Each structure stands twice: as C-alpha cells, then as structure tokens.
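Novice: The structure that follows is given in the form of structure tokens.
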Amino acid sequence: MKKDAKKSKNDRHNFGQATRMDLAKAAGFKCSHRGCLAASTCVAEKAKTGKIGSANVGCASHIYAAADDGPRPAPAGMSPEKIMHVSNGIWLCRDCGTIIDNIECKYPAEILQEMKRVREFAQELTIISPEVRTVSRFISPIAFDDIFWDHLPELNRESITRAVLAVGAKSIGDYLDSKSKQSSPLPLSFALKSIASAVQTATAVTEQSSMLDLSVAQKTYSGGSPVDFACTHLREKAATIVDAWARSIRSRDWKGVGWHIHYCNVKLMARNPKTGELSDSFIWVQGNGYGRHDHLSTGGKSLHLHVSYTASNVNNLDWHLKIDIEPGRFVFESSLRMFGRPLFRDIDNPYVWQDFEAYERVLRKLSEGWEPIGFVGLETGDRLDSDVVYPELFEIDLHISKPEFDQALYDCAKVRLAQEISRACSKFFVFTPDYFNRALDESTIRQAVFNYRRPISTSYVESHERYFGPTVRVGRREIGMIVRGIWMLFDPVPRRHLY
Ligand SMILES: [Zn+2]
C-alpha cells in the first residue's frame, strides 16, 4: 500500500469520503474481521486549538485492489466505478486492514465479502429489530456476530432473531442473577409481607411469618388462607401482564412461545404509609421487561415476569421486579435501588425537565419515609406512547440509604442551580462530574457567573474558550467556569488562564 501511495493519484481508485463514511456506519464503526470487532472511533480534542472533534482508527479497505499491483487484483473488466463502489469496501480496524493486505493469501476476496456481509447484516438487524437491539446489549459483540456466522451460508432473519433471543434470554438471566443480592441458587422463599399487604391482608399475617419457607407456602396453598389468596392473586396479576405483553409482541413477529424480551413502561410513585395517599408526581420511564409463560392463559404451569433497569437520563431509581412461579418454586422480589448517577442530558428540553422534576419530587417523598410503589405497563416495544398500566400496584422494598438520598437530592439542587444560570446566561449547561463536587459550592458558582456577566469582562480569551474564576481546588485540579461557544461548564481550568 505504501508503494502505491507514492504513485500518482490517477493510478489508484480510492474511495470517496462519503463512501468511507457509509462503510463505517454500515459496520457500526466496528472492525468487520471475525473475532476482532474492535471499536474504531472516539472523541478527540486538538491540543493546539482545544477544538473538539473525533478520531478514527478504522479504515475502509478495498476488497479488490484500488491499484493494479495491489493485493487481490480486480478481475479483468472491473470498472473504476465498481472498484470505488461501496460494495467493494469493508470497514476494518487499522491492524486488520494491514493484515488482510500483507497476508493476502489468507484473505481472498470471498473471505472479505463474507466478513462484510455478516458484520453489515448483524448491524442492520441490531437497528431494525427492537427485540434484537434490546437483547444484543447483553451479549458480547463477538458472541453476537458468531450467531450470524453460524447461520451461513444463508442469513435468514427470522431464524437468526430466534437464536439471538435464545442466547439473550440466557445472558439477561445470568446478568440479573449476578446483579441480584441473593446468591444462586435462587431462594425457595418469598417476601410474604409485600404480597399480602398488596391485597390488604397484611393484618391477618403475623410478623414472624413474613418470610415463608416454600414447604409452608405449599401447605397453605390449598387452605384458602391469606397466603393462598396472596399467591393466587399475585399469579393472576403477573399472568395478565405477561399475557398482554405477549399479545403486543405477537402482533409483530414473536410466535408466542418461549422468552420474550422487550421494553415496557413503568410508573414509579411514592405512597404515604400511614394514610395510603399517593404522591401527585410519578416517574414514567421505560424499563427492560422479560417474561415467559407456558400457556397463554392465567392457568399456565409456569410464569415469569421480570422488570428491571428503570433508570434513565434524569432518574437513577432502578426497580427490579421478579416473579417466578414454577412447580415447586415461587419467587417474588420487588426492590428499588439507586443505579449510579443520572447524566442529566438535554435538561433544556421541556419534557426532560418535566421528567427531572417528577424524579425530584418522588425522591423527596421517598427520603421522607414514603414507600415506593410501581405500576407495570401493558404494552411492549421500543417507542411506547401508550400509558396503559395494569391497574393494581406492586409494592417495592426500598434499598436506598440516607447518604444515597442526601447525595441525590444534593445533585438535584445543583441541577436546578445550573438550569437557573444557563437560562440567565442563555447558554447550554454541560454537567461534568466536577460540577457535582461538594467543594464547588453555590457562592463560588454564582461568583463565577457574576464575573462572566459583568459588562466589561477581563477574562482571558483563547480559541473560543473563556475561563472564569473564582476556582476551587478538587484534588490537584482547579475547577472554574468555562464558556465554550454556546456551552458553559465547570471543569479544570489551566492556572495561567485565571485572572
Ligand atoms: Zn480488527
């Protein structure tokens, strides 16, 4: 290739910029070499100008050579247009791009065409099939593409989707199990208190029996006791939801048998434990749902209903609901934890702001001792407009500590402050981790904004960036305000730029 580069441009039929970009996108910016799938792009800031752009460590390689003496010479009569066409290109990482040209004998055109076909088809299916997209996140990239390789020579969309869902169901199960606090095997018991109080029979159940051994549960199944009633009721509830999910998936391409994995809406609220009053606000968010039942009726033998990962851009409340009912096994778990810290992206969008405010209000109620409750949506899919939920609530055990609540409420207060100053300054606010550092207090922030808004600014100007003090020390960095075009943020400021 190097030798070619020295030749005059006319001897080579290089890809145009647009073609290279098309090849990168078709491969999802991943190397198409089987077993490699390396990422090929990232953000990059120019050291000199501070301009933020991107770096590319991938390359659009020719299947048939761009020059007469290149590897894999083009068949006689292949026109320059064909050689420069997107169909003659494959997206690879730089290493693999070098390898296929230097070890040409191992990489005939047919092999490269196969790699291109598999990677591009796998990427396409990931985008166009909501089920595949959801599930693929839980499968390693190499294992995911291997499913497609296993289907060669025919890449049949339907049978591949089935195979992906089968592998995905297992991966998600493993993932949830590893995340769940209980060590495997799953306990043969369930929290009776939650179930029972959900059907207002809590008074009939003594405190000691709040955790029931399965043998006891089975015995009482037939007796018409509160336990029996609670189990039956929970089963009906779960079955109705899973049936509704299955119906909504069936209208697309699921055949009605086996696991189904998809998005579902959930509604999270707070309830006053003394009065039963519900909070005015609720968090309306998309979670991952997955379910399975053996018969499409409430009378089926086994039934699984799982909801998880309800955290979002402006909400870190993560509800895990798990109901497994099988012969000899009854598991009911419903817990709320915090999942990292929200990113608070696009907070200027009024809808996102609305979601943020709902999150903050529910958070506050929960921190004041209200109990979390949740509703599960009855429809599935990627873009859910439907707000239909199963009318009865699920109780949720709270697993959030006071320090976690304090931190989350502190973050919310800082988000409000950021929103206030970004409106006052007509800038978009970028939330950096340093902004949430407690060392950066409100008066420092307000003083920096004041300095920015002074009519005669003495700030140091360099390449569209302006830096404002005062700063605070966080570790070894000085955090101050930076205004970069239409953005404002609190980030480390080089010392020489402060006045
Ligand atoms: Zn590679």
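Naming scheme: A, B, ... for chains in displayed order of the structure tokens; residues 1 onward per chain; ligands 1 onward as shown.
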Hey, which residues come within 7 Å of ligand 1 if we count only C-alpha atoms and all ligand atoms? Could you give them as a list in words?
Specialist: Cys31, Ser32, His33, Cys36, Leu37, Ala38, Leu92, Cys93, Arg94, Asp95 and Cys96 of chain A
Novice: Compare A:Arg292, A:Arg466, A:Arg271, A:Arg341 by their minimum atom-to-atom distance to Ile325 in chain A, counting only C-alpha atoms, and give me the closest one.
Specialist: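 For Ile325 in chain A, the nearest of the given residues is A:Arg292.
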Novice: Residues within 7 Å of Leu305 in chain A, please, as a list in words. Count only C-alpha atoms; anything in the same chain fewer than 6 positions from it doesn't count.
Specialist: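 Contacts, with the query itself left out: Ala238, Val242, Tyr290, Gly291, Arg292, Lys322, Ile323 and Asp324 of chain A.
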Novice: Expressed in Å to a single decimal, how great is the separation between CA of Pro403 in chain A and CA of Asn313 in chain A?
Specialist: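 Those two atoms sit 21.1 Å apart.
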Novice: Please provide the set of residues having any atom within 12 Å of His399 in chain A, restricted to only C-alpha atoms, with same-chain residues fewer than 4 positions apart removed, written as a count of residues only.
Specialist: 18
Novice: Using Å and a single decimal, report how far CA of Leu23 in chain A sits from CA of Asp145 in chain A.
Specialist: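 Taking CA of Asp145 in chain A as the start and CA of Leu23 in chain A as the end point, the length is 17.4 Å.
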Novice: Taking only C-alpha atoms into account, which of A:Lys116, A:Arg416, A:His306, A:Lys402 comes nearest Glu360 in chain A?
Specialist: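 Smallest distance to Glu360 in chain A is found for A:Arg416.
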Novice: What's around Val362 in chain A at 12 Å? Count only C-alpha atoms, leave out sequence neighbours fewer than 3 positions away in its own chain, and write the answer as a VMD selection string.
Specialist: chain A and resid 267 to 272 278 to 284 315 to 317 355 to 359 365 to 374 405 408 to 409 412
